[in-house]
$ cat target-v4.cif   # mmCIF, C-alpha atoms
data_query
loop_
_atom_site.label_atom_id
_atom_site.label_comp_id
_atom_site.auth_asym_id
_atom_site.auth_seq_id
_atom_site.Cartn_x
_atom_site.Cartn_y
_atom_site.Cartn_z
CA MET T 1 71.59 -9.86 89.26
CA ASN T 2 68.62 -12.18 88.89
CA ALA T 3 65.35 -10.79 90.11
CA PRO T 4 62.80 -9.27 89.66
CA PHE T 5 62.24 -11.71 86.81
CA PHE T 6 59.52 -9.77 85.01
CA LYS T 7 61.45 -6.49 84.97
CA PHE T 8 64.47 -8.25 83.52
CA ASP T 9 62.27 -9.63 80.76
CA TYR T 10 62.79 -13.27 81.71
CA PHE T 11 59.17 -13.76 80.74
CA GLY T 12 56.60 -11.69 78.91
CA GLU T 13 53.30 -10.04 79.69
CA GLU T 14 51.24 -13.20 79.08
CA THR T 15 53.38 -15.43 81.29
CA SER T 16 53.34 -12.74 83.96
CA LEU T 17 49.55 -13.02 84.12
CA ILE T 18 49.79 -16.78 84.65
CA VAL T 19 52.39 -16.22 87.39
CA ALA T 20 50.13 -13.60 88.97
CA PHE T 21 47.23 -16.08 88.84
CA ILE T 22 49.27 -18.76 90.62
CA ILE T 23 50.49 -16.29 93.26
CA GLY T 24 46.92 -15.05 93.73
CA ILE T 25 45.63 -18.58 94.27
CA GLY T 26 48.41 -19.18 96.77
CA PHE T 27 47.58 -15.94 98.58
CA GLY T 28 43.90 -16.88 98.80
CA PHE T 29 44.75 -20.39 99.94
CA PHE T 30 46.85 -19.21 102.86
CA LEU T 31 44.31 -16.55 103.83
CA GLU T 32 41.70 -19.30 103.97
CA ARG T 33 43.95 -21.62 105.98
CA ALA T 34 44.65 -18.80 108.44
CA GLY T 35 40.90 -18.69 109.02
CA PHE T 36 40.40 -15.39 107.23
CA GLY T 37 37.44 -16.67 105.27
CA SER T 38 35.32 -16.16 108.37
CA GLY T 39 33.87 -12.73 109.10
CA ARG T 40 33.58 -13.72 112.77
CA LYS T 41 37.28 -14.33 113.07
CA LEU T 42 38.09 -11.05 111.34
CA ALA T 43 35.60 -9.08 113.44
CA ALA T 44 37.07 -10.59 116.63
CA GLN T 45 40.14 -8.53 115.80
CA PHE T 46 38.21 -5.40 116.68
CA TYR T 47 36.86 -6.86 119.92
CA LEU T 48 40.53 -7.57 120.76
CA THR T 49 39.71 -11.19 121.52
CA ASP T 50 41.55 -12.68 118.56
CA LEU T 51 44.42 -10.77 116.96
CA THR T 52 45.28 -13.40 114.34
CA VAL T 53 44.80 -10.89 111.53
CA PHE T 54 47.28 -8.51 113.07
CA LYS T 55 49.78 -11.28 113.66
CA VAL T 56 49.48 -12.81 110.20
CA MET T 57 49.69 -9.47 108.42
CA PHE T 58 52.65 -8.29 110.46
CA THR T 59 54.37 -11.63 109.86
CA ALA T 60 53.83 -11.17 106.11
CA ILE T 61 55.26 -7.66 106.24
CA VAL T 62 58.32 -8.71 108.21
CA THR T 63 58.93 -11.78 106.04
CA ALA T 64 58.72 -9.75 102.85
CA MET T 65 60.90 -6.97 104.24
CA VAL T 66 63.61 -9.26 105.61
CA GLY T 67 63.52 -11.35 102.43
CA LEU T 68 63.86 -8.37 100.11
CA PHE T 69 66.54 -6.78 102.25
CA TRP T 70 68.75 -9.84 102.50
CA LEU T 71 68.22 -11.01 98.94
CA SER T 72 69.27 -7.61 97.65
CA VAL T 73 72.24 -7.42 100.00
CA LEU T 74 73.30 -10.78 98.56
CA GLY T 75 72.82 -9.37 95.05
CA ILE T 76 69.98 -11.70 94.05
CA VAL T 77 67.30 -9.01 93.84
CA ASP T 78 67.79 -5.60 92.27
CA LEU T 79 65.91 -3.49 94.77
CA SER T 80 65.90 -0.43 92.51
CA LEU T 81 63.60 -2.35 90.15
CA VAL T 82 61.11 -3.35 92.82
CA TYR T 83 58.03 -1.22 92.38
CA VAL T 84 57.38 1.39 95.03
CA SER T 85 54.03 3.13 94.72
CA ASN T 86 53.83 6.90 94.96
CA THR T 87 52.95 8.46 98.28
CA PHE T 88 49.99 10.84 98.50
CA LEU T 89 49.94 11.27 102.24
CA VAL T 90 46.53 12.77 103.06
CA PRO T 91 44.44 10.89 100.46
CA GLN T 92 46.11 7.64 101.50
CA ILE T 93 45.32 8.25 105.19
CA VAL T 94 41.71 8.99 104.30
CA GLY T 95 41.58 5.94 102.02
CA GLY T 96 43.04 3.77 104.76
CA LEU T 97 40.42 4.99 107.23
CA ILE T 98 37.60 4.28 104.77
CA LEU T 99 38.97 0.80 104.17
CA GLY T 100 39.28 0.29 107.94
CA VAL T 101 35.72 1.41 108.59
CA GLY T 102 34.52 -0.95 105.85
CA PHE T 103 36.57 -3.72 107.46
CA VAL T 104 34.92 -3.12 110.86
CA ILE T 105 31.40 -2.86 109.45
CA GLY T 106 31.56 -5.67 106.92
CA GLY T 107 33.95 -8.00 108.69
CA TYR T 108 36.18 -8.38 105.65
CA CYS T 109 38.92 -6.62 103.76
CA PRO T 110 38.93 -6.87 99.95
CA GLY T 111 41.17 -9.94 99.79
CA THR T 112 39.44 -11.88 102.53
CA SER T 113 36.00 -11.12 101.07
CA CYS T 114 37.09 -12.89 97.87
CA VAL T 115 38.24 -15.83 99.97
CA ALA T 116 34.91 -15.90 101.83
CA ALA T 117 32.89 -15.58 98.62
CA SER T 118 34.80 -18.40 96.93
CA THR T 119 34.22 -20.70 99.88
CA GLY T 120 30.49 -20.07 99.48
CA LYS T 121 29.82 -17.56 102.25
CA TYR T 122 26.88 -15.25 101.49
CA ASP T 123 28.22 -12.34 103.52
CA GLY T 124 31.44 -12.52 101.49
CA MET T 125 29.47 -12.36 98.24
CA ILE T 126 27.42 -9.39 99.45
CA TYR T 127 30.66 -7.70 100.54
CA LEU T 128 32.08 -8.24 97.02
CA LEU T 129 28.99 -6.61 95.51
CA GLY T 130 29.59 -3.71 97.88
CA ILE T 131 33.17 -3.41 96.64
CA ILE T 132 32.01 -3.32 93.03
CA ALA T 133 29.38 -0.71 93.89
CA GLY T 134 32.05 1.33 95.66
CA ILE T 135 34.36 1.12 92.66
CA PHE T 136 31.50 2.32 90.45
CA VAL T 137 30.65 5.26 92.72
CA PHE T 138 34.31 6.22 92.99
CA GLY T 139 34.73 6.08 89.23
CA GLU T 140 31.66 8.23 88.61
CA ALA T 141 32.63 10.73 91.30
CA PHE T 142 36.26 10.86 90.22
CA PRO T 143 36.07 14.30 88.54
CA LEU T 144 34.97 15.75 91.89
CA LEU T 145 37.66 13.87 93.83
CA LYS T 146 40.48 14.38 91.34
CA ASP T 147 42.19 17.32 93.06
CA PHE T 148 42.15 15.65 96.44
CA TYR T 149 43.19 12.33 94.90
CA SER T 150 46.51 13.75 93.72
CA SER T 151 47.12 16.14 96.62
CA SER T 152 50.10 16.01 99.03
CA ALA T 153 52.16 14.05 96.51
CA MET T 154 55.54 12.99 97.84
CA GLY T 155 56.68 10.82 94.96
CA LYS T 156 58.29 7.46 95.50
CA VAL T 157 59.56 7.75 99.02
CA THR T 158 60.74 5.06 101.41
CA LEU T 159 61.21 5.25 105.17
CA PRO T 160 65.04 5.27 105.01
CA GLN T 161 64.90 8.22 102.59
CA LEU T 162 62.24 10.05 104.56
CA PHE T 163 64.07 9.87 107.88
CA GLY T 164 67.57 9.93 106.42
CA VAL T 165 68.61 6.77 108.25
CA SER T 166 70.19 3.58 106.98
CA TYR T 167 68.08 0.87 105.44
CA GLY T 168 69.31 -1.67 107.96
CA LEU T 169 68.16 0.47 110.88
CA VAL T 170 64.62 0.62 109.50
CA VAL T 171 64.64 -3.17 109.05
CA PHE T 172 65.81 -3.59 112.63
CA LEU T 173 63.21 -1.20 114.04
CA VAL T 174 60.33 -2.77 112.10
CA ILE T 175 61.35 -6.22 113.34
CA LEU T 176 61.57 -4.87 116.87
CA MET T 177 58.12 -3.34 116.45
CA ALA T 178 56.75 -6.63 115.12
CA LEU T 179 58.19 -8.73 117.94
CA GLY T 180 56.86 -6.26 120.48
CA GLY T 181 53.54 -6.32 118.64
CA PHE T 182 53.31 -10.12 118.81
CA VAL T 183 54.00 -10.19 122.54
CA GLY T 184 51.54 -7.35 123.10
CA ALA T 185 48.91 -9.05 120.95
CA GLU T 186 49.12 -12.28 122.95
CA TRP T 187 48.73 -10.30 126.15
CA VAL T 188 45.74 -8.32 124.82
CA GLU T 189 44.07 -11.52 123.56
CA LYS T 190 44.37 -13.18 126.94
CA LYS T 191 43.07 -10.17 128.78
CA PHE T 192 40.05 -9.51 126.58
CA SER T 193 38.91 -13.07 125.95
CA ALA T 194 38.91 -13.58 129.73
CA LYS T 195 36.94 -10.39 130.18
CA SER T 196 34.31 -11.15 127.55
CA GLY T 197 33.98 -14.57 129.12
CA GLU T 198 33.71 -16.42 125.83
CA VAL T 199 36.10 -18.03 123.46
CA ARG T 200 35.70 -16.87 119.90
CA LYS T 201 36.98 -19.46 117.53
CA MET A 1 71.14 -29.22 133.96
CA LYS A 2 68.11 -27.78 132.30
CA THR A 3 68.32 -27.24 128.56
CA LEU A 4 66.64 -24.21 127.07
CA LYS A 5 63.78 -25.41 124.89
CA LEU A 6 62.18 -22.99 122.46
CA SER A 7 58.76 -23.27 120.91
CA LEU A 8 58.43 -22.79 117.14
CA HIS A 9 57.16 -19.27 117.71
CA GLN A 10 60.07 -18.39 119.90
CA SER A 11 62.69 -19.75 117.52
CA LEU A 12 61.11 -17.92 114.58
CA ALA A 13 61.10 -14.73 116.64
CA LEU A 14 64.74 -15.34 117.47
CA VAL A 15 65.64 -15.78 113.78
CA ALA A 16 63.78 -12.58 112.90
CA GLY A 17 65.53 -10.73 115.71
CA LEU A 18 68.95 -11.96 114.58
CA LEU A 19 68.32 -11.05 110.95
CA GLY A 20 67.25 -7.61 112.16
CA ILE A 21 70.39 -7.08 114.23
CA LEU A 22 72.59 -8.26 111.35
CA ALA A 23 70.70 -5.88 109.04
CA LEU A 24 72.12 -3.00 111.07
CA VAL A 25 75.59 -3.78 109.77
CA ALA A 26 74.74 -5.33 106.40
CA GLY A 27 75.09 -2.07 104.49
CA ASN A 28 72.91 -0.55 101.84
CA PRO A 29 70.92 -3.01 99.74
CA TYR A 30 70.75 -0.47 96.93
CA LYS A 31 73.99 -0.81 95.07
CA GLY A 32 75.72 2.53 95.47
CA ASN A 33 78.36 4.09 93.26
CA THR A 34 80.70 1.15 93.23
CA ALA A 35 80.53 -1.41 90.49
CA THR A 36 81.93 -4.76 89.60
CA MET A 37 82.37 -5.91 86.06
CA ASN A 38 83.18 -9.06 84.26
CA VAL A 39 86.02 -7.77 82.09
CA LYS A 40 86.12 -10.83 79.86
CA GLU A 41 82.42 -10.63 79.12
CA LEU A 42 82.60 -6.89 78.43
CA GLY A 43 85.65 -7.36 76.22
CA LEU A 44 83.80 -9.88 74.09
CA LEU A 45 80.81 -7.57 73.83
CA VAL A 46 83.06 -4.78 72.57
CA GLU A 47 84.67 -7.11 70.06
CA LYS A 48 81.36 -8.26 68.63
CA GLU A 49 80.07 -4.68 68.25
CA THR A 50 76.52 -5.90 68.72
CA ASP A 51 75.81 -2.80 70.77
CA HIS A 52 76.46 -0.36 67.94
CA ILE A 53 73.64 1.37 66.16
CA SER A 54 74.36 3.25 62.95
CA VAL A 55 72.94 6.71 62.31
CA GLU A 56 70.97 5.35 59.34
CA GLU A 57 69.29 2.76 61.54
CA LEU A 58 68.41 5.39 64.11
CA ALA A 59 67.03 7.72 61.44
CA ASP A 60 64.88 4.89 60.09
CA TRP A 61 63.56 4.08 63.55
CA LEU A 62 62.71 7.68 64.28
CA ILE A 63 60.95 8.17 60.94
CA GLN A 64 58.93 5.00 61.35
CA GLY A 65 58.22 5.78 64.99
CA LYS A 66 59.68 2.40 65.88
CA ALA A 67 62.16 3.59 68.46
CA ASP A 68 61.66 1.45 71.55
CA SER A 69 64.69 2.75 73.39
CA ARG A 70 65.45 5.89 75.31
CA LEU A 71 67.76 8.08 73.29
CA ILE A 72 70.26 9.67 75.65
CA ASP A 73 72.48 12.64 74.81
CA VAL A 74 75.45 12.49 77.20
CA ARG A 75 76.91 15.86 76.14
CA SER A 76 76.68 19.01 78.25
CA GLU A 77 73.45 20.93 78.66
CA LYS A 78 74.77 23.78 76.55
CA GLU A 79 75.61 21.54 73.62
CA PHE A 80 72.28 19.81 74.01
CA ALA A 81 70.45 23.14 73.86
CA GLU A 82 72.23 24.04 70.60
CA TYR A 83 71.18 20.91 68.80
CA HIS A 84 70.17 17.38 69.60
CA ILE A 85 68.66 14.49 67.75
CA PRO A 86 64.86 14.66 67.97
CA SER A 87 63.38 12.76 70.92
CA ALA A 88 66.73 12.67 72.76
CA GLU A 89 66.96 13.49 76.44
CA ASN A 90 69.98 15.12 77.99
CA ILE A 91 71.88 13.26 80.71
CA PRO A 92 75.53 14.39 80.92
CA VAL A 93 77.93 11.55 81.79
CA GLY A 94 78.58 12.89 85.28
CA SER A 95 74.94 12.81 86.27
CA LEU A 96 74.22 9.45 84.66
CA PHE A 97 73.55 7.79 87.98
CA ASP A 98 71.44 10.59 89.39
CA ALA A 99 69.05 10.17 86.50
CA GLU A 100 66.30 7.65 86.90
CA LEU A 101 67.51 4.99 84.55
CA MET A 102 66.23 1.47 84.89
CA ARG A 103 68.51 -1.50 84.49
CA ASN A 104 66.03 -3.22 82.21
CA GLU A 105 65.51 -0.26 79.89
CA LYS A 106 66.89 -0.10 76.40
CA LEU A 107 69.23 2.88 76.32
CA LEU A 108 70.85 4.35 73.22
CA LEU A 109 73.71 6.71 74.03
CA TYR A 110 75.34 9.28 71.82
CA SER A 111 77.93 12.03 72.21
CA GLU A 112 79.70 14.32 69.78
CA GLY A 113 82.16 11.79 68.41
CA GLY A 114 81.31 8.66 70.31
CA ILE A 115 84.06 8.54 72.94
CA HIS A 116 81.95 9.88 75.78
CA ALA A 117 79.09 7.62 74.81
CA ALA A 118 81.44 4.63 74.85
CA GLN A 119 82.75 5.61 78.26
CA ALA A 120 79.21 6.02 79.57
CA TRP A 121 78.47 2.59 78.08
CA PHE A 122 81.18 1.08 80.27
CA LEU A 123 79.88 2.83 83.38
CA LEU A 124 76.37 1.52 82.75
CA LYS A 125 77.50 -1.98 81.83
CA ALA A 126 79.57 -2.15 84.99
CA GLN A 127 76.40 -1.27 86.91
CA GLN A 128 74.67 -4.28 85.34
CA PHE A 129 72.54 -2.35 82.89
CA LYS A 130 71.33 -4.93 80.43
CA HIS A 131 70.57 -3.15 77.19
CA VAL A 132 72.88 -0.26 76.42
CA TYR A 133 73.69 0.76 72.86
CA ILE A 134 75.96 3.38 71.30
CA LEU A 135 75.29 5.50 68.27
CA ARG A 136 78.28 4.71 66.05
CA ASP A 137 80.47 7.79 65.54
CA GLY A 138 77.97 9.95 67.35
CA LEU A 139 76.48 13.26 66.45
CA ALA A 140 79.30 14.07 64.02
CA GLU A 141 78.25 11.14 61.89
CA TRP A 142 74.58 12.09 62.29
CA LYS A 143 75.37 15.54 60.86
CA ASP A 144 77.52 14.10 58.06
CA LYS A 145 75.24 11.33 56.95
CA ILE A 146 71.77 12.41 57.95
CA LEU A 147 71.54 16.17 58.19
CA PHE A 148 74.00 17.23 55.51
CA PRO A 149 74.53 14.30 53.18
CA SER A 150 76.67 15.11 50.17
CA ILE A 151 77.32 13.53 46.85
CA SER A 152 80.15 14.09 44.45
CA ASP A 153 79.53 15.07 40.84
CA SER A 154 81.03 11.86 39.58
CA ALA A 155 78.55 9.68 41.41
CA SER A 156 77.25 6.61 39.68
CA SER A 157 73.55 6.25 39.03
CA GLU A 158 73.26 3.81 41.91
CA GLU A 159 74.82 6.32 44.26
CA THR A 160 72.52 9.03 42.95
CA LEU A 161 69.54 6.83 43.64
CA ALA A 162 70.69 6.22 47.20
CA PHE A 163 71.26 9.92 47.58
CA GLU A 164 67.64 10.63 46.68
CA LYS A 165 66.59 8.60 49.68
CA ARG A 166 69.07 10.34 51.91
CA LYS A 167 67.77 13.69 50.74
CA PHE A 168 64.34 12.73 51.95
CA VAL A 169 65.72 11.62 55.31
CA SER A 170 67.74 14.82 55.61
CA ASN A 171 64.72 17.00 54.85
CA TYR A 172 62.70 15.07 57.36
CA PHE A 173 65.11 16.02 60.13
CA GLY A 174 65.40 19.58 58.85
CA GLY A 175 68.86 19.19 57.33
CA THR A 176 70.31 20.37 54.04
CA PRO A 177 71.32 17.79 51.48
CA MET A 178 74.26 18.92 49.37
CA SER A 179 75.03 17.74 45.89
CA GLY A 180 78.16 18.88 44.10
CA THR A 181 76.13 21.23 41.94
CA SER A 182 74.18 22.53 44.86
CA SER A 183 74.11 26.24 45.35
CA VAL A 184 75.10 25.81 48.97
CA SER A 185 78.66 26.98 49.27
CA GLN A 186 80.91 24.35 50.80
CA THR A 187 82.76 26.94 52.83
CA LYS A 188 79.65 28.40 54.33
CA GLN A 189 79.07 27.34 57.90
CA LEU A 190 76.10 25.07 57.82
CA ALA A 191 73.42 25.94 60.28
CA VAL A 192 72.10 23.08 62.31
CA PRO A 193 68.34 22.94 62.11
CA LYS A 194 66.29 24.44 64.88
CA ILE A 195 65.23 21.86 67.34
CA GLN A 196 61.81 21.02 66.13
CA MET A 197 60.05 17.79 66.42
CA PRO A 198 59.24 16.42 63.03
CA SER A 199 55.74 15.04 63.09
CA GLY A 200 55.57 11.37 63.81
CA VAL A 201 58.58 11.31 66.10
CA PRO A 202 57.54 10.34 69.60
CA SER A 203 57.95 13.21 72.00
CA PRO A 204 60.72 12.90 74.56
CA THR A 205 58.32 13.42 77.42
CA GLY A 206 56.17 10.43 76.63
CA SER A 207 58.13 7.25 77.20
CA PRO A 208 58.49 5.57 73.83
CA LYS A 209 58.71 2.18 75.46
CA LYS A 210 55.50 0.56 76.39
CA LYS A 211 55.40 0.87 80.11
CA LYS A 212 54.65 -2.28 81.97
CA LYS A 213 51.69 -2.05 84.24
CA GLU A 214 52.59 -2.26 87.87
CA GLY A 215 51.26 -1.60 91.30
CA CYS A 216 48.54 -3.38 93.14
#
$ encode --input "target-v4.cif" --output "structure tokens"
Amino acid sequence: MNAPFFKFDYFGEETSLIVAFIIGIGFGFFLERAGFGSGRKLAAQFYLTDLTVFKVMFTAIVTAMVGLFWLSVLGIVDLSLVYVSNTFLVPQIVGGLILGVGFVIGGYCPGTSCVAASTGKYDGMIYLLGIIAGIFVFGEAFPLLKDFYSSSAMGKVTLPQLFGVSYGLVVFLVILMALGGFVGAEWVEKKFSAKSGEVRK
Amino acid sequence: MKTLKLSLHQSLALVAGLLGILALVAGNPYKGNTATMNVKELGLLVEKETDHISVEELADWLIQGKADSRLIDVRSEKEFAEYHIPSAENIPVGSLFDAELMRNEKLLLYSEGGIHAAQAWFLLKAQQFKHVYILRDGLAEWKDKILFPSISDSASSEETLAFEKRKFVSNYFGGTPMSGTSSVSQTKQLAVPKIQMPSGVPSPTGSPKKKKKEGC
């Protein structure tokens, strides 16, 4: 039983912040290398001409899922200590839609806007200011939103628990979905970039 | 003959697909109700007794509000309802693994005499729980030493001095100190104090351990 390291007290709060910093830098680096520092590239996602975002994010999900699953089957990770956030179904759907709309309008998601801002892009910086303004508005309006915020609480629930199927089956289905998604994405990209008659790079 | 050549994308997709198919038969990644233990390691732990906490230590921790562990009463619900050590939570041995215990938490177990606590200790240790402690001699000792401490008439002055301290501790937890000259009749059944939280003892609902921040 080795990981998660922090939960097993292999290092303390201070060290954990340094580790988080390093992981954060790494995350930003790979986002940038994937081209996610460009609002054009991200917006192309919604014109269906370039589905890199979809492919990268789905790859990340599948990698993390397969990694966690197999490491815990091998006894290297204690899955019961890996944090699962609580599910509040309706507020999370609404929150996801708001984030999606912001993504379409602004051309960034929170992480990629930081990447864009740190590589000196003005739109990224403006987007960051927008995030901070949004946080402020949310904080001030919280008393009004509080009831909705904690509505439809389902606790810590995972897909295997929710559907009463084995963990392995969910892993298999998500991988199947991802592989299908990749093939579909390539097809959509070809179709739409031919239609729009331009190559967005 | 034409050899099948795969691009990087295709081979990665193949690996993912294979791992997914194998996942179907790999079993549950959450360790279920079976356990493996290193008997040698556990034997040495037992021998060293480093996992024993005395009732005096526990009383001190509770008074000073220093308790950083979850105090777990493994007796039945009925016994728990009659009396339990302040701040304890009730998890009978049988439902130990239904309760949401974390493997990295500090857990202090007690039962009436200590046998059930010791058995629960083994169950938890076998499930790779890292920090599990036992209250030495259990609730019986807690009642003897903490709630109803007694002193004989022929006590030396040193013993009397120590008894003064124990009287304070006893009163703090709502017990009845008994000296030889005390009016309390020895034959009288001593009533355990009503379960009342002495001020300063962290409530059982609020986790006494500082919770690590998590989430994104």
$ atom_distance --input "target-v4.cif" --atom1 "atom CA of Thr50 of chain A" --atom2 "atom CA of Ala88 of chain A"
21.4 Å
$ atom_distance --input "target-v4.cif" --atom1 "atom CA of Ser151 of chain T" --atom2 "atom CA of Val137 of chain T"
20.1 Å
$ closest_atom_pairs --input "target-v4.cif" --of "chain T" --to "chain A" --cutoff "9 Å" --atoms "all atoms listed in the file" --output "JSON lines"
{"residue": "T:Met1", "atom": "CA", "partner": "A:Gln128", "partner_atom": "CA", "distance": 7.5}
{"residue": "T:Lys7", "atom": "CA", "partner": "A:Asn104", "partner_atom": "CA", "distance": 6.3}
{"residue": "T:Phe8", "atom": "CA", "partner": "A:Asn104", "partner_atom": "CA", "distance": 5.4}
{"residue": "T:Asp9", "atom": "CA", "partner": "A:Asn104", "partner_atom": "CA", "distance": 7.6}
{"residue": "T:Glu13", "atom": "CA", "partner": "A:Lys212", "partner_atom": "CA", "distance": 8.2}
{"residue": "T:Val62", "atom": "CA", "partner": "A:Ala16", "partner_atom": "CA", "distance": 8.2}
{"residue": "T:Thr63", "atom": "CA", "partner": "A:Ala16", "partner_atom": "CA", "distance": 8.4}
{"residue": "T:Val66", "atom": "CA", "partner": "A:Leu19", "partner_atom": "CA", "distance": 7.3}
{"residue": "T:Leu68", "atom": "CA", "partner": "A:Pro29", "partner_atom": "CA", "distance": 8.9}
{"residue": "T:Phe69", "atom": "CA", "partner": "A:Pro29", "partner_atom": "CA", "distance": 6.3}
{"residue": "T:Trp70", "atom": "CA", "partner": "A:Pro29", "partner_atom": "CA", "distance": 7.7}
{"residue": "T:Leu71", "atom": "CA", "partner": "A:Pro29", "partner_atom": "CA", "distance": 8.5}
{"residue": "T:Ser72", "atom": "CA", "partner": "A:Pro29", "partner_atom": "CA", "distance": 5.3}
{"residue": "T:Val73", "atom": "CA", "partner": "A:Pro29", "partner_atom": "CA", "distance": 4.6}
{"residue": "T:Leu74", "atom": "CA", "partner": "A:Pro29", "partner_atom": "CA", "distance": 8.2}
{"residue": "T:Gly75", "atom": "CA", "partner": "A:Pro29", "partner_atom": "CA", "distance": 8.1}
{"residue": "T:Asp78", "atom": "CA", "partner": "A:Tyr30", "partner_atom": "CA", "distance": 7.5}
{"residue": "T:Leu79", "atom": "CA", "partner": "A:Tyr30", "partner_atom": "CA", "distance": 6.1}
{"residue": "T:Ser80", "atom": "CA", "partner": "A:Tyr30", "partner_atom": "CA", "distance": 6.6}
{"residue": "T:Leu81", "atom": "CA", "partner": "A:Met102", "partner_atom": "CA", "distance": 7.0}
{"residue": "T:Tyr83", "atom": "CA", "partner": "A:Gly215", "partner_atom": "CA", "distance": 6.9}
{"residue": "T:Val84", "atom": "CA", "partner": "A:Gly215", "partner_atom": "CA", "distance": 7.8}
{"residue": "T:Ser85", "atom": "CA", "partner": "A:Gly215", "partner_atom": "CA", "distance": 6.5}
{"residue": "T:Ser166", "atom": "CA", "partner": "A:Asn28", "partner_atom": "CA", "distance": 7.1}
{"residue": "T:Tyr167", "atom": "CA", "partner": "A:Asn28", "partner_atom": "CA", "distance": 6.2}
{"residue": "T:Gly168", "atom": "CA", "partner": "A:Leu24", "partner_atom": "CA", "distance": 4.4}
{"residue": "T:Leu169", "atom": "CA", "partner": "A:Leu24", "partner_atom": "CA", "distance": 5.3}
{"residue": "T:Val170", "atom": "CA", "partner": "A:Leu24", "partner_atom": "CA", "distance": 8.5}
{"residue": "T:Val171", "atom": "CA", "partner": "A:Gly20", "partner_atom": "CA", "distance": 6.0}
{"residue": "T:Phe172", "atom": "CA", "partner": "A:Gly20", "partner_atom": "CA", "distance": 4.3}
{"residue": "T:Leu173", "atom": "CA", "partner": "A:Gly20", "partner_atom": "CA", "distance": 7.8}
{"residue": "T:Val174", "atom": "CA", "partner": "A:Gly20", "partner_atom": "CA", "distance": 8.4}
{"residue": "T:Ile175", "atom": "CA", "partner": "A:Gly20", "partner_atom": "CA", "distance": 6.2}
{"residue": "T:Leu176", "atom": "CA", "partner": "A:Gly17", "partner_atom": "CA", "distance": 7.2}
{"residue": "T:Leu179", "atom": "CA", "partner": "A:Ala13", "partner_atom": "CA", "distance": 6.8}
$ resolve_selection --input "target-v4.cif" --expression "the PyMOL selection byres ((chain A and resi 52) around 10)" --output "count of residues only"
17
$ residues_around --input "target-v4.cif" --residues "Glu186 of chain T" --least-positions-apart "4" --cutoff "8 Å" --atoms "all atoms listed in the file" --output "ChimeraX atom specification"
/T:51,182,190
$ resolve_selection --input "target-v4.cif" --expression "the PyMOL selection byres ((chain T and resi 150) around 10)" --output "compact mmCIF listing (two decimals) with C-alpha atoms, in the coordinates of the input"
# COMPACT_ATOMS: atom_id res chain seq x y z
CA THR T 87 52.95 8.46 98.28
CA PHE T 88 49.99 10.84 98.50
CA LEU T 89 49.94 11.27 102.24
CA VAL T 90 46.53 12.77 103.06
CA PRO T 91 44.44 10.89 100.46
CA GLN T 92 46.11 7.64 101.50
CA LEU T 145 37.66 13.87 93.83
CA LYS T 146 40.48 14.38 91.34
CA ASP T 147 42.19 17.32 93.06
CA PHE T 148 42.15 15.65 96.44
CA TYR T 149 43.19 12.33 94.90
CA SER T 151 47.12 16.14 96.62
CA SER T 152 50.10 16.01 99.03
CA ALA T 153 52.16 14.05 96.51
CA MET T 154 55.54 12.99 97.84
$ closest_residue --input "target-v4.cif" --among "T:Cys109, T:Pro4, T:Val101, T:Asn86" --to "Ser16 of chain T" --atoms "all atoms listed in the file"
T:Pro4
$ residues_around --input "target-v4.cif" --residues "Gly37 of chain T" --least-positions-apart "4" --cutoff "12 Å" --atoms "only C-alpha atoms" --output "PyMOL selection string"
chain T and resi 28-33+41-43+53+107-125
$ resolve_selection --input "target-v4.cif" --expression "the PyMOL selection byres ((chain A and resi 157-166) around 12)" --output "mmCIF file with C-alpha atoms, in the frame of the given file"
data_model
loop_
_atom_site.group_PDB
_atom_site.id
_atom_site.type_symbol
_atom_site.label_atom_id
_atom_site.label_comp_id
_atom_site.auth_asym_id
_atom_site.auth_seq_id
_atom_site.Cartn_x
_atom_site.Cartn_y
_atom_site.Cartn_z
ATOM 1 C CA VAL A 55 72.940 6.710 62.310
ATOM 2 C CA GLU A 56 70.970 5.350 59.340
ATOM 3 C CA ALA A 59 67.030 7.720 61.440
ATOM 4 C CA ASP A 60 64.880 4.890 60.090
ATOM 5 C CA TRP A 142 74.580 12.090 62.290
ATOM 6 C CA ASP A 144 77.520 14.100 58.060
ATOM 7 C CA LYS A 145 75.240 11.330 56.950
ATOM 8 C CA ILE A 146 71.770 12.410 57.950
ATOM 9 C CA LEU A 147 71.540 16.170 58.190
ATOM 10 C CA PHE A 148 74.000 17.230 55.510
ATOM 11 C CA PRO A 149 74.530 14.300 53.180
ATOM 12 C CA SER A 150 76.670 15.110 50.170
ATOM 13 C CA ILE A 151 77.320 13.530 46.850
ATOM 14 C CA SER A 152 80.150 14.090 44.450
ATOM 15 C CA ASP A 153 79.530 15.070 40.840
ATOM 16 C CA SER A 154 81.030 11.860 39.580
ATOM 17 C CA ALA A 155 78.550 9.680 41.410
ATOM 18 C CA SER A 156 77.250 6.610 39.680
ATOM 19 C CA LYS A 167 67.770 13.690 50.740
ATOM 20 C CA PHE A 168 64.340 12.730 51.950
ATOM 21 C CA VAL A 169 65.720 11.620 55.310
ATOM 22 C CA SER A 170 67.740 14.820 55.610
ATOM 23 C CA ASN A 171 64.720 17.000 54.850
ATOM 24 C CA TYR A 172 62.700 15.070 57.360
ATOM 25 C CA PHE A 173 65.110 16.020 60.130
ATOM 26 C CA GLY A 175 68.860 19.190 57.330
ATOM 27 C CA THR A 176 70.310 20.370 54.040
ATOM 28 C CA PRO A 177 71.320 17.790 51.480
ATOM 29 C CA MET A 178 74.260 18.920 49.370
ATOM 30 C CA SER A 179 75.030 17.740 45.890
ATOM 31 C CA GLY A 180 78.160 18.880 44.100
#
